[in-house]
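Chemist: Got a file for you: start.tsv, TSV, C-alpha atoms and all ligand atoms.
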```tsv
chain	number	residue	atom	x	y	z
A	1	MET	CA	-102.19	2.30	82.10
A	2	ASN	CA	-102.94	5.88	81.20
A	3	ASP	CA	-104.84	5.60	78.01
A	4	VAL	CA	-106.71	2.52	76.84
A	5	ILE	CA	-108.76	2.82	73.70
A	6	GLU	CA	-111.35	0.07	73.32
A	7	SER	CA	-112.19	-1.53	69.93
A	8	LYS	CA	-109.87	0.50	67.76
A	9	ASN	CA	-109.87	0.68	63.97
A	10	LEU	CA	-106.32	-0.38	63.02
A	11	SER	CA	-106.41	1.22	59.58
A	12	TYR	CA	-105.38	4.46	61.34
A	13	PHE	CA	-102.46	2.71	63.02
A	14	HIS	CA	-100.61	1.22	60.02
A	15	SER	CA	-99.56	2.72	56.71
A	16	PHE	CA	-100.99	-0.14	54.59
A	17	ARG	CA	-104.39	0.74	56.06
A	18	LEU	CA	-106.11	-2.63	55.95
A	19	PRO	CA	-109.56	-2.27	57.53
A	20	THR	CA	-108.97	-4.36	60.65
A	21	GLU	CA	-109.64	-3.87	64.33
A	22	ALA	CA	-108.03	-4.52	67.70
A	23	LYS	CA	-110.06	-5.02	70.85
A	24	GLN	CA	-107.73	-2.69	72.71
A	25	VAL	CA	-105.01	-0.14	71.94
A	26	ILE	CA	-102.89	0.93	74.91
A	27	VAL	CA	-100.90	4.13	74.67
A	28	LEU	CA	-97.47	3.91	76.33
A	29	ASP	CA	-96.34	7.44	77.11
A	30	ASP	CA	-94.70	7.05	80.51
A	31	LEU	CA	-92.04	4.64	81.74
A	32	SER	CA	-94.02	4.06	84.95
A	33	GLN	CA	-96.45	1.99	82.84
A	34	LEU	CA	-93.83	-0.65	81.94
A	35	ASN	CA	-94.69	-2.95	84.84
A	36	SER	CA	-98.30	-3.28	83.76
A	37	ILE	CA	-97.91	-4.07	80.04
A	38	PRO	CA	-100.02	-7.13	79.17
A	39	GLY	CA	-97.72	-10.03	78.27
A	40	GLN	CA	-99.26	-10.74	74.87
A	41	ALA	CA	-99.44	-7.09	73.66
A	42	TYR	CA	-98.02	-6.34	70.19
A	43	ILE	CA	-95.61	-3.38	70.25
A	44	LEU	CA	-96.41	-0.77	67.64
A	45	GLY	CA	-94.62	2.42	66.60
A	46	ALA	CA	-96.02	4.26	63.58
A	47	GLY	CA	-97.07	1.05	61.78
A	48	SER	CA	-95.06	1.73	58.61
A	49	ASN	CA	-93.53	-1.74	58.59
A	50	THR	CA	-96.52	-3.66	59.96
A	51	LEU	CA	-99.60	-5.05	58.20
A	52	PHE	CA	-102.60	-6.00	60.29
A	53	LEU	CA	-104.12	-8.63	58.01
A	54	GLU	CA	-107.08	-9.55	60.25
A	55	ASN	CA	-108.85	-8.36	63.38
A	56	VAL	CA	-106.52	-9.07	66.27
A	57	GLU	CA	-107.41	-10.69	69.59
A	58	PHE	CA	-104.43	-9.33	71.55
A	59	PRO	CA	-103.87	-5.74	72.75
A	60	ILE	CA	-101.76	-3.28	70.76
A	61	LEU	CA	-99.18	-1.28	72.72
A	62	HIS	CA	-98.71	2.02	70.89
A	63	VAL	CA	-95.30	3.45	71.89
A	64	CYS	CA	-95.58	7.23	72.30
A	65	LEU	CA	-92.64	7.96	74.66
A	66	LYS	CA	-91.18	11.40	73.86
A	67	GLY	CA	-87.98	13.33	74.53
A	68	ILE	CA	-84.65	14.24	72.93
A	69	GLU	CA	-81.46	15.11	74.86
A	70	ILE	CA	-78.28	16.26	73.16
A	71	HIS	CA	-74.86	16.24	74.86
A	72	GLU	CA	-71.64	17.49	73.32
A	73	SER	CA	-68.13	16.13	73.86
A	74	LEU	CA	-64.87	17.02	72.12
A	75	ASP	CA	-65.27	14.64	69.17
A	76	PHE	CA	-68.86	13.38	69.37
A	77	TRP	CA	-72.49	14.30	69.82
A	78	ARG	CA	-74.34	11.97	72.14
A	79	VAL	CA	-78.07	12.04	71.48
A	80	ASP	CA	-80.63	10.20	73.62
A	81	VAL	CA	-84.00	9.85	71.94
A	82	ALA	CA	-87.20	8.33	73.31
A	83	ALA	CA	-88.74	5.53	71.26
A	84	GLY	CA	-91.91	7.37	70.24
A	85	GLU	CA	-90.14	10.27	68.50
A	86	ASN	CA	-90.56	10.46	64.73
A	87	TRP	CA	-87.44	9.34	62.84
A	88	HIS	CA	-87.49	11.86	59.97
A	89	GLU	CA	-88.26	14.76	62.32
A	90	LEU	CA	-85.19	13.72	64.34
A	91	VAL	CA	-83.03	13.69	61.19
A	92	CYS	CA	-84.20	17.21	60.27
A	93	LYS	CA	-83.88	18.55	63.80
A	94	LEU	CA	-80.29	17.31	64.16
A	95	HIS	CA	-79.37	18.60	60.70
A	96	ALA	CA	-80.75	22.05	61.56
A	97	GLN	CA	-78.52	22.07	64.67
A	98	GLY	CA	-75.40	21.23	62.65
A	99	ILE	CA	-75.30	17.57	63.79
A	100	PHE	CA	-74.64	15.64	60.60
A	101	GLY	CA	-74.57	11.96	59.66
A	102	PHE	CA	-78.20	10.85	59.28
A	103	GLU	CA	-78.80	12.49	55.86
A	104	ASN	CA	-78.85	9.20	53.91
A	105	LEU	CA	-81.60	7.94	56.21
A	106	ALA	CA	-83.92	10.91	55.70
A	107	LEU	CA	-87.62	10.40	54.99
A	108	ILE	CA	-87.75	6.83	56.30
A	109	PRO	CA	-91.19	6.73	57.95
A	110	GLY	CA	-91.65	5.52	61.50
A	111	THR	CA	-90.45	5.95	65.05
A	112	VAL	CA	-86.98	6.04	66.59
A	113	GLY	CA	-87.85	2.98	68.71
A	114	ALA	CA	-88.51	0.86	65.61
A	115	ALA	CA	-85.33	2.00	63.81
A	116	PRO	CA	-82.99	-0.51	65.56
A	117	VAL	CA	-85.52	-3.36	65.17
A	118	GLN	CA	-84.85	-3.90	61.49
A	119	ASN	CA	-81.70	-1.76	61.52
A	120	ILE	CA	-83.16	0.72	59.04
A	121	GLY	CA	-80.93	1.53	56.14
A	122	ALA	CA	-80.80	3.45	52.88
A	123	TYR	CA	-78.24	4.73	50.39
A	124	GLY	CA	-75.26	2.97	51.94
A	125	ARG	CA	-75.94	3.81	55.61
A	126	GLU	CA	-77.56	1.84	58.40
A	127	VAL	CA	-78.81	3.24	61.69
A	128	SER	CA	-76.56	0.79	63.58
A	129	ASP	CA	-73.55	2.81	62.31
A	130	PHE	CA	-74.55	5.47	64.87
A	131	ILE	CA	-76.09	3.50	67.75
A	132	GLU	CA	-74.05	3.41	70.95
A	133	SER	CA	-76.68	1.58	73.01
A	134	VAL	CA	-80.38	0.85	73.29
A	135	GLU	CA	-82.48	1.16	76.46
A	136	VAL	CA	-84.89	-1.72	76.74
A	137	TRP	CA	-87.59	-3.17	78.92
A	138	ASP	CA	-87.09	-6.93	79.04
A	139	ARG	CA	-90.63	-8.30	79.07
A	140	GLN	CA	-89.34	-11.74	80.01
A	141	ASN	CA	-87.49	-10.64	83.17
A	142	GLN	CA	-89.57	-7.53	83.85
A	143	SER	CA	-86.37	-5.42	84.08
A	144	ARG	CA	-84.74	-2.47	82.37
A	145	TYR	CA	-81.36	-2.94	80.63
A	146	THR	CA	-78.92	-1.03	78.47
A	147	LEU	CA	-77.82	-3.09	75.47
A	148	THR	CA	-74.59	-2.04	73.76
A	149	ASN	CA	-74.39	-1.92	69.97
A	150	ASP	CA	-72.59	-5.30	69.94
A	151	ALA	CA	-75.27	-6.91	72.10
A	152	CYS	CA	-77.95	-5.85	69.59
A	153	ASP	CA	-76.40	-8.17	66.97
A	154	PHE	CA	-77.18	-5.83	64.06
A	155	SER	CA	-76.97	-7.02	60.46
A	156	TYR	CA	-78.81	-6.29	57.21
A	157	ARG	CA	-82.43	-5.50	58.25
A	158	ASP	CA	-81.95	-7.57	61.37
A	159	SER	CA	-81.21	-7.41	65.10
A	160	ILE	CA	-82.00	-9.29	68.32
A	161	PHE	CA	-85.15	-7.18	68.56
A	162	LYS	CA	-86.42	-8.58	65.27
A	163	GLN	CA	-85.34	-12.11	66.16
A	164	ASN	CA	-87.15	-12.08	69.50
A	165	PRO	CA	-89.99	-9.57	69.15
A	166	SER	CA	-91.99	-10.68	72.18
A	167	ARG	CA	-89.10	-10.06	74.58
A	168	TRP	CA	-87.74	-6.56	74.00
A	169	LEU	CA	-89.46	-3.22	74.26
A	170	ILE	CA	-87.15	-0.39	73.21
A	171	THR	CA	-87.73	2.69	75.34
A	172	SER	CA	-84.94	4.92	73.97
A	173	VAL	CA	-81.88	4.89	71.75
A	174	ARG	CA	-78.48	6.50	72.42
A	175	PHE	CA	-76.72	7.72	69.28
A	176	ASN	CA	-73.03	8.53	69.11
A	177	ILE	CA	-72.42	10.84	66.17
A	178	PRO	CA	-68.83	11.78	65.25
A	179	LYS	CA	-68.31	15.51	64.79
A	180	LYS	CA	-65.96	14.69	61.93
A	181	TRP	CA	-68.55	14.17	59.20
A	182	ARG	CA	-67.89	11.67	56.43
A	183	ALA	CA	-69.99	11.74	53.26
A	184	GLU	CA	-71.48	8.47	51.97
A	185	VAL	CA	-72.30	8.99	48.31
A	186	SER	CA	-71.15	5.71	46.81
A	187	TYR	CA	-74.64	4.25	46.44
A	188	GLY	CA	-76.99	4.50	43.47
A	189	GLU	CA	-78.19	7.92	42.49
A	190	LEU	CA	-76.12	9.68	45.17
A	191	LYS	CA	-73.06	9.02	43.01
A	192	SER	CA	-74.13	11.84	40.71
A	193	LEU	CA	-73.49	14.34	43.54
A	194	GLY	CA	-69.72	13.92	43.13
A	195	LEU	CA	-67.25	15.42	45.61
A	196	PRO	CA	-66.92	17.75	47.46
A	197	VAL	CA	-70.40	17.48	48.87
A	198	THR	CA	-72.14	18.94	51.93
A	199	PRO	CA	-74.60	17.29	54.36
A	200	ALA	CA	-77.29	19.63	52.99
A	201	ASP	CA	-76.60	18.41	49.41
A	202	ILE	CA	-77.12	14.80	50.49
A	203	LEU	CA	-80.23	15.53	52.58
A	204	GLU	CA	-81.81	17.44	49.71
A	205	LYS	CA	-80.93	14.75	47.17
A	206	VAL	CA	-82.19	11.85	49.31
A	207	ILE	CA	-85.48	13.66	49.92
A	208	ALA	CA	-85.82	14.44	46.20
A	209	ILE	CA	-85.10	10.84	45.11
A	210	ARG	CA	-87.42	9.30	47.68
A	211	THR	CA	-90.23	11.73	46.94
A	212	ALA	CA	-89.96	10.97	43.22
A	213	LYS	CA	-89.58	7.19	43.54
A	214	LEU	CA	-91.65	6.04	46.48
A	215	PRO	CA	-95.42	6.31	46.86
A	216	ASP	CA	-96.44	8.51	49.79
A	217	PRO	CA	-98.30	6.23	52.24
A	218	ALA	CA	-100.65	9.13	53.08
A	219	ILE	CA	-101.90	8.98	49.47
A	220	VAL	CA	-101.22	5.39	48.36
A	221	PRO	CA	-101.23	3.06	51.39
A	222	ASN	CA	-98.04	0.94	51.45
A	223	ALA	CA	-95.34	-0.29	53.82
A	224	GLY	CA	-92.22	0.51	51.78
A	225	SER	CA	-90.16	-2.45	50.58
A	226	PHE	CA	-92.35	-5.50	51.06
A	227	PHE	CA	-89.54	-8.04	50.57
A	228	LYS	CA	-85.95	-8.08	51.77
A	229	ASN	CA	-83.22	-8.11	49.17
A	230	PRO	CA	-82.15	-11.78	49.25
A	231	LEU	CA	-78.62	-12.83	50.17
A	232	VAL	CA	-77.11	-15.71	48.16
A	233	GLU	CA	-73.77	-17.53	48.10
A	234	PRO	CA	-71.19	-16.31	45.51
A	235	SER	CA	-71.50	-19.73	43.79
A	236	GLN	CA	-75.24	-19.17	43.18
A	237	LEU	CA	-74.55	-15.72	41.77
A	238	LYS	CA	-72.09	-17.25	39.29
A	239	GLN	CA	-74.85	-19.45	37.89
A	240	LEU	CA	-77.43	-16.66	37.88
A	241	ILE	CA	-75.19	-14.20	36.09
A	242	VAL	CA	-74.73	-16.63	33.19
A	243	ARG	CA	-78.48	-16.57	32.58
A	244	TYR	CA	-79.09	-12.94	33.60
A	245	PRO	CA	-75.89	-10.97	32.82
A	246	GLU	CA	-77.58	-7.67	33.68
A	247	MET	CA	-78.72	-8.79	37.16
A	248	PRO	CA	-77.70	-6.18	39.79
A	249	HIS	CA	-75.74	-7.56	42.76
A	250	PHE	CA	-73.72	-6.20	45.67
A	251	THR	CA	-71.22	-7.84	47.99
A	252	SER	CA	-72.42	-7.64	51.60
A	253	PRO	CA	-70.09	-7.39	54.63
A	254	SER	CA	-70.77	-11.10	55.39
A	255	GLY	CA	-69.30	-12.09	52.00
A	256	LYS	CA	-72.72	-13.16	50.72
A	257	ILE	CA	-74.16	-11.49	47.64
A	258	LYS	CA	-77.17	-9.21	47.93
A	259	LEU	CA	-79.56	-9.41	44.98
A	260	ALA	CA	-82.16	-6.77	44.13
A	261	ALA	CA	-85.63	-8.23	44.81
A	262	GLY	CA	-87.24	-5.31	42.96
A	263	TRP	CA	-85.22	-6.08	39.81
A	264	MET	CA	-86.36	-9.71	39.85
A	265	ILE	CA	-90.04	-8.74	40.30
A	266	ASP	CA	-89.69	-6.18	37.52
A	267	TYR	CA	-87.98	-8.78	35.27
A	268	LEU	CA	-91.10	-10.93	35.69
A	269	ARG	CA	-93.17	-7.96	34.46
A	270	LEU	CA	-95.17	-7.81	37.66
A	271	LYS	CA	-95.16	-4.01	38.06
A	272	GLY	CA	-98.82	-2.97	38.18
A	273	TYR	CA	-99.98	-6.59	38.67
A	274	SER	CA	-102.74	-6.93	41.24
A	275	ILE	CA	-104.83	-9.51	43.08
A	276	GLY	CA	-108.08	-8.08	44.44
A	277	GLY	CA	-107.28	-4.72	45.99
A	278	ALA	CA	-103.56	-5.41	46.51
A	279	GLY	CA	-101.08	-4.52	43.79
A	280	VAL	CA	-97.43	-4.13	42.84
A	281	HIS	CA	-96.67	-0.43	42.52
A	282	ASP	CA	-96.32	0.51	38.85
A	283	LYS	CA	-93.03	2.39	39.33
A	284	GLN	CA	-91.43	0.56	42.26
A	285	ALA	CA	-91.62	-3.23	41.99
A	286	LEU	CA	-90.52	-3.86	45.58
A	287	VAL	CA	-93.46	-1.89	46.98
A	288	LEU	CA	-96.87	-3.52	47.31
A	289	ILE	CA	-99.82	-1.15	47.65
A	290	ASN	CA	-103.38	-1.12	48.87
A	291	ASN	CA	-105.48	0.13	45.97
A	292	GLY	CA	-108.12	1.13	48.48
A	293	SER	CA	-110.09	-2.09	48.83
A	294	ALA	CA	-107.35	-4.61	49.74
A	295	THR	CA	-108.05	-7.33	52.27
A	296	GLY	CA	-105.44	-9.26	54.24
A	297	ASN	CA	-106.05	-12.26	51.97
A	298	ASP	CA	-105.42	-10.18	48.83
A	299	VAL	CA	-102.05	-9.13	50.25
A	300	LEU	CA	-101.07	-12.66	51.25
A	301	ASN	CA	-102.14	-14.10	47.89
A	302	LEU	CA	-100.22	-11.44	45.98
A	303	ALA	CA	-97.09	-11.80	48.11
A	304	ARG	CA	-97.13	-15.61	47.78
A	305	TYR	CA	-97.72	-15.36	44.02
A	306	ILE	CA	-94.65	-13.12	43.67
A	307	GLN	CA	-92.61	-15.41	45.92
A	308	ASP	CA	-93.52	-18.44	43.76
A	309	LYS	CA	-92.76	-16.69	40.48
A	310	VAL	CA	-89.34	-15.51	41.72
A	311	ASN	CA	-88.56	-18.96	43.07
A	312	VAL	CA	-89.44	-20.71	39.82
A	313	GLU	CA	-87.53	-18.23	37.62
A	314	PHE	CA	-84.43	-17.54	39.75
A	315	GLY	CA	-84.37	-20.31	42.38
A	316	VAL	CA	-84.28	-17.59	45.05
A	317	ASN	CA	-86.55	-17.38	48.09
A	318	LEU	CA	-87.96	-13.94	48.89
A	319	GLU	CA	-88.66	-13.20	52.55
A	320	ALA	CA	-91.03	-10.52	53.77
A	321	GLU	CA	-89.33	-7.41	55.17
A	322	VAL	CA	-92.66	-6.22	56.62
A	323	ARG	CA	-94.26	-7.70	59.74
A	324	LEU	CA	-97.44	-9.61	58.83
A	325	ILE	CA	-99.86	-9.79	61.74
A	326	GLY	CA	-102.75	-12.24	61.77
A	327	GLY	CA	-105.53	-12.64	64.32
A	328	GLN	CA	-103.38	-14.70	66.71
A	329	GLY	CA	-99.97	-13.08	66.13
A	330	MET	CA	-97.14	-12.77	63.62
A	331	ILE	CA	-97.35	-14.95	60.50
A	332	SER	CA	-94.76	-15.76	57.84
A	333	LEU	CA	-95.31	-15.99	54.11
B	1	LIG	C1	-92.76	4.59	52.05
B	1	LIG	C2	-91.87	3.77	52.97
B	1	LIG	C3	-90.50	3.76	52.76
B	1	LIG	C4	-89.66	3.02	53.59
B	1	LIG	N1	-88.30	3.05	53.35
B	1	LIG	C5	-87.46	2.34	54.15
B	1	LIG	C6	-86.03	2.38	53.94
B	1	LIG	O1	-85.55	3.06	53.04
B	1	LIG	N2	-85.26	1.65	54.75
B	1	LIG	C7	-85.77	0.90	55.77
B	1	LIG	O2	-84.97	0.26	56.49
B	1	LIG	N3	-87.11	0.85	56.01
B	1	LIG	C8	-87.95	1.55	55.23
B	1	LIG	N4	-89.31	1.50	55.46
B	1	LIG	C9	-89.83	0.67	56.56
B	1	LIG	C10	-90.13	1.46	57.86
B	1	LIG	O3	-90.09	2.84	57.62
B	1	LIG	C11	-89.13	1.13	58.96
B	1	LIG	O4	-89.12	-0.27	59.21
B	1	LIG	C12	-89.45	1.85	60.27
B	1	LIG	O5	-88.41	1.64	61.19
B	1	LIG	C13	-90.77	1.43	60.85
B	1	LIG	O6	-91.06	2.26	61.95
B	1	LIG	P1	-92.47	2.17	62.64
B	1	LIG	O7	-92.44	2.97	63.90
B	1	LIG	O8	-93.52	2.56	61.67
B	1	LIG	O9	-92.53	0.61	62.96
B	1	LIG	P2	-93.77	-0.36	63.19
B	1	LIG	O10	-94.31	-0.80	61.87
B	1	LIG	O11	-94.72	0.24	64.13
B	1	LIG	O12	-93.01	-1.59	63.86
B	1	LIG	C14	-92.07	-2.33	63.14
B	1	LIG	C15	-91.53	-3.46	64.02
B	1	LIG	O13	-90.81	-2.91	65.10
B	1	LIG	C16	-91.39	-3.31	66.35
B	1	LIG	N5	-91.31	-2.13	67.23
B	1	LIG	C17	-91.80	-0.88	66.97
B	1	LIG	N6	-91.49	-0.06	68.00
B	1	LIG	C18	-90.80	-0.81	68.90
B	1	LIG	C19	-90.23	-0.54	70.17
B	1	LIG	N7	-90.28	0.67	70.73
B	1	LIG	N8	-89.62	-1.55	70.82
B	1	LIG	C20	-89.54	-2.79	70.29
B	1	LIG	N9	-90.07	-3.12	69.08
B	1	LIG	C21	-90.69	-2.13	68.41
B	1	LIG	C22	-92.82	-3.72	66.02
B	1	LIG	O14	-93.29	-4.68	66.94
B	1	LIG	C23	-92.62	-4.31	64.62
B	1	LIG	O15	-92.17	-5.63	64.73
B	1	LIG	C24	-90.19	2.25	54.65
B	1	LIG	C25	-91.58	2.26	54.87
B	1	LIG	C26	-92.42	3.01	54.04
B	1	LIG	C27	-93.91	3.02	54.31
```
Can you turn what I pasted into structure tokens?
Modeler:
Amino acid sequence: MNDVIESKNLSYFHSFRLPTEAKQVIVLDDLSQLNSIPGQAYILGAGSNTLFLENVEFPILHVCLKGIEIHESLDFWRVDVAAGENWHELVCKLHAQGIFGFENLALIPGTVGAAPVQNIGAYGREVSDFIESVEVWDRQNQSRYTLTNDACDFSYRDSIFKQNPSRWLITSVRFNIPKKWRAEVSYGELKSLGLPVTPADILEKVIAIRTAKLPDPAIVPNAGSFFKNPLVEPSQLKQLIVRYPEMPHFTSPSGKIKLAAGWMIDYLRLKGYSIGGAGVHDKQALVLINNGSATGNDVLNLARYIQDKVNVEFGVNLEAEVRLIGGQGMISL
């Protein structure tokens, strides 16, 4: 391994900034290191979807592989990007070169390698819409593979990488971006843009909305949406809508109904509510924040309190969208 940092303060390695430590942080910046990755290492990109709740006993593998290659064909751009590249910088770089499509996904923090893991999405687009294949290191078989889009089993905030986190290490992603650009402005505040619209209009609008609505992790430590929007059966929606006629809901491709977790938390008047140093953001109910002194226990207690309240009121189970990491590994709420 090239770079091993002993006893590392993890608050610098995740955007929720809980004051925890790892015994070892290993920097992965060359593919020749793949053979010597410790089996129990936790793979980390930029840490914007990960909360280290306690000091961890296992090594952290910080993915810093770099490189972007762009190839042009008649109808498509093919873009190969190493896992450690920054997602938003990639969006801006491609946009500046006239390669359009990623505008709706602007300003999502994190690395390119983490983007397929939870199939990042925003404003009606998901990254899987553009992924041709993913290069992986299979930690189980100690081999490199190319997984096609179908093999990644993408769905809402999900993929095989999320389902089996100890197996796959993503080393790079191949995007296939049609030259024929198609605007996606059917979602939320993008509707106000109307048509015709340019990629630059969408990029600018998405950046403006996100800057206004979401706390900047560099100022207010957070990990974006803490909970997933729950999916329920149409029959459950029917009952809910009788009691809560104004409840927002969207039909998902699977036929299930996606509810807005933030709306439910807001309905329960939990915006601004806090336990210890962990709180619900006062403008964005789906975002939990570290007020500066949060401990892992504060976060867990707050998240479980919200989960209980939502369950009692709506009969709906909220699942964490973020990865919660305890001393021995991943934990669930
Ligand atoms: C303010 C804010 C806003 C956000 N908005 C959105 C949004 O609109 N939409 C959305 O989808 N997400 C959003 N997120 C969540 C986050 O940006 C994404 O999940 C992002 O992909 C995380 O990237 P990361 O590099 O920081 O991942 P990390 O937190 O480092 O890792 C996340 C998971 O991916 C795994 N992982 C990371 N790199 C690799 C790799 N190379 N190979 C295999 N596994 C890997 C990790 O083990 C972990 O399980 C937001 C977060 C914040 C803080």
Chemist: Pick out the residues no farther than 7 Å from ligand LIG 1 (chain B), counting all atoms listed in the file, and list them as JSON, numbers by chain.
Modeler: {"A": [14, 15, 42, 43, 44, 45, 46, 47, 48, 49, 50, 63, 83, 84, 108, 109, 110, 111, 112, 113, 114, 115, 117, 118, 119, 120, 121, 122, 157, 161, 162, 165, 168, 169, 170, 171, 214, 215, 216, 217, 222, 223, 224, 225, 323]}
Chemist: At a cut-off of 9 Å, using all atoms listed in the file, what residues contact A:Asp282? Leave out same-chain residues fewer than 3 positions from it and give the result as a ChimeraX atom specification.
Modeler: /A:270-273,279,285,287
Chemist: The selected residues should be written to file as a PDB file, in the frame of the given file (atoms: C-alpha atoms).
Modeler:
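Here's the written file result_37.pdb:
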```
ATOM      1  CA  LEU A 270     -95.170  -7.810  37.660  1.00  0.00           C
ATOM      2  CA  LYS A 271     -95.160  -4.010  38.060  1.00  0.00           C
ATOM      3  CA  GLY A 272     -98.820  -2.970  38.180  1.00  0.00           C
ATOM      4  CA  TYR A 273     -99.980  -6.590  38.670  1.00  0.00           C
ATOM      5  CA  GLY A 279    -101.080  -4.520  43.790  1.00  0.00           C
ATOM      6  CA  ALA A 285     -91.620  -3.230  41.990  1.00  0.00           C
ATOM      7  CA  VAL A 287     -93.460  -1.890  46.980  1.00  0.00           C
TER       8      VAL A 287
END
```
Chemist: For A:Phe58, which residue out of A:Val232, A:Ile26, A:Ile160, A:Ala294 is the nearest one, using all atoms listed in the file?
Modeler: A:Ile26
Chemist: Take atom CA of A:Val27 and atom CA of A:Phe52 and report the distance between them in Å, one decimal.
Modeler: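 Atom CA of A:Val27 sits 17.7 Å away from atom CA of A:Phe52.
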Chemist: My list of candidates is A:Lys66, A:Phe314, A:Ala303, A:Lys228. Which is closest to A:Arg243 when distances are computed with only C-alpha atoms?
Modeler: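 Nearest to A:Arg243: A:Phe314.
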Chemist: How far is it from atom CA of A:Glu132 to atom CA of A:Asp80, in Å with one decimal?
Modeler: 9.8 Å
Chemist: Just give me the gap between atom CA of A:Ile275 and atom CA of A:Leu107 in Å, one decimal is fine.
Modeler: 28.9 Å
Chemist: Could you check which residues have any atom within 8 Å of (-73.8, 9.4, 69.6), counting only C-alpha atoms with coordinates taken straight from the file, and then list them as a list in words?
Modeler: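 Within the cut-off we find Phe76, Trp77, Arg78, Val79, Asp80, Phe130, Ile131, Glu132, Arg174, Phe175, Asn176, Ile177 and Pro178 of chain A.
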Chemist: Neighbours of stretch 88-96 of chain A within 7 Å (all atoms listed in the file; same-chain residues fewer than 2 positions away dropped), as a ChimeraX atom specification?
Modeler: /A:86,98-100,102-103,106-109
Chemist: Let me see the file: selected residues, C-alpha atoms, as an mmCIF file, keeping the file's coordinate frame.
Modeler:
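Result saved to result20.cif:
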```cif
data_model
loop_
_atom_site.group_PDB
_atom_site.id
_atom_site.type_symbol
_atom_site.label_atom_id
_atom_site.label_comp_id
_atom_site.auth_asym_id
_atom_site.auth_seq_id
_atom_site.Cartn_x
_atom_site.Cartn_y
_atom_site.Cartn_z
ATOM 1 C CA ASN A 86 -90.560 10.460 64.730
ATOM 2 C CA GLY A 98 -75.400 21.230 62.650
ATOM 3 C CA ILE A 99 -75.300 17.570 63.790
ATOM 4 C CA PHE A 100 -74.640 15.640 60.600
ATOM 5 C CA PHE A 102 -78.200 10.850 59.280
ATOM 6 C CA GLU A 103 -78.800 12.490 55.860
ATOM 7 C CA ALA A 106 -83.920 10.910 55.700
ATOM 8 C CA LEU A 107 -87.620 10.400 54.990
ATOM 9 C CA ILE A 108 -87.750 6.830 56.300
ATOM 10 C CA PRO A 109 -91.190 6.730 57.950
#
```
Chemist: From the options A:Ile219, A:Leu105, A:Leu53, A:Ile265, which residue's atoms come nearest to A:Leu203, counting only C-alpha atoms?
Modeler: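 Of A:Ile219, A:Leu105, A:Leu53, A:Ile265, the one nearest A:Leu203, counting only C-alpha atoms, is A:Leu105.
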Chemist: With distances taken over only C-alpha atoms, which residue among A:Arg167, A:Cys152, A:Pro38, A:Gln24 lies nearest A:Leu10?
Modeler: A:Gln24
Chemist: Under the rule that all atoms listed in the file are counted, which of A:Leu31, A:Val280, A:Ile5, A:Ala183 is the nearest residue to A:Trp137?
Modeler: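 Residue with the minimum atom-to-atom distance to A:Trp137: A:Leu31.
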Chemist: Nearest to A:Pro199 among A:Glu57, A:Ala22, A:Gly101, A:Lys238, with distances taken over all atoms listed in the file: which residue is it?
Modeler: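 Checking each candidate against A:Pro199, we get A:Gly101 as the closest.
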Chemist: Do you know which residues are at most 9 Å from A:Leu34 counting all atoms listed in the file, after dropping those on the same chain fewer than 6 positions away, and could you put them as a ChimeraX atom specification?
Modeler: /A:1,28,137,139,142
Chemist: Please list as a list of chain:residue names every residue within 6 Å of A:Asn229, counting only C-alpha atoms and excluding residues in the same chain fewer than 5 positions away.
Modeler: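 The filter keeps A:Leu259, A:Ala260, A:Ala261.
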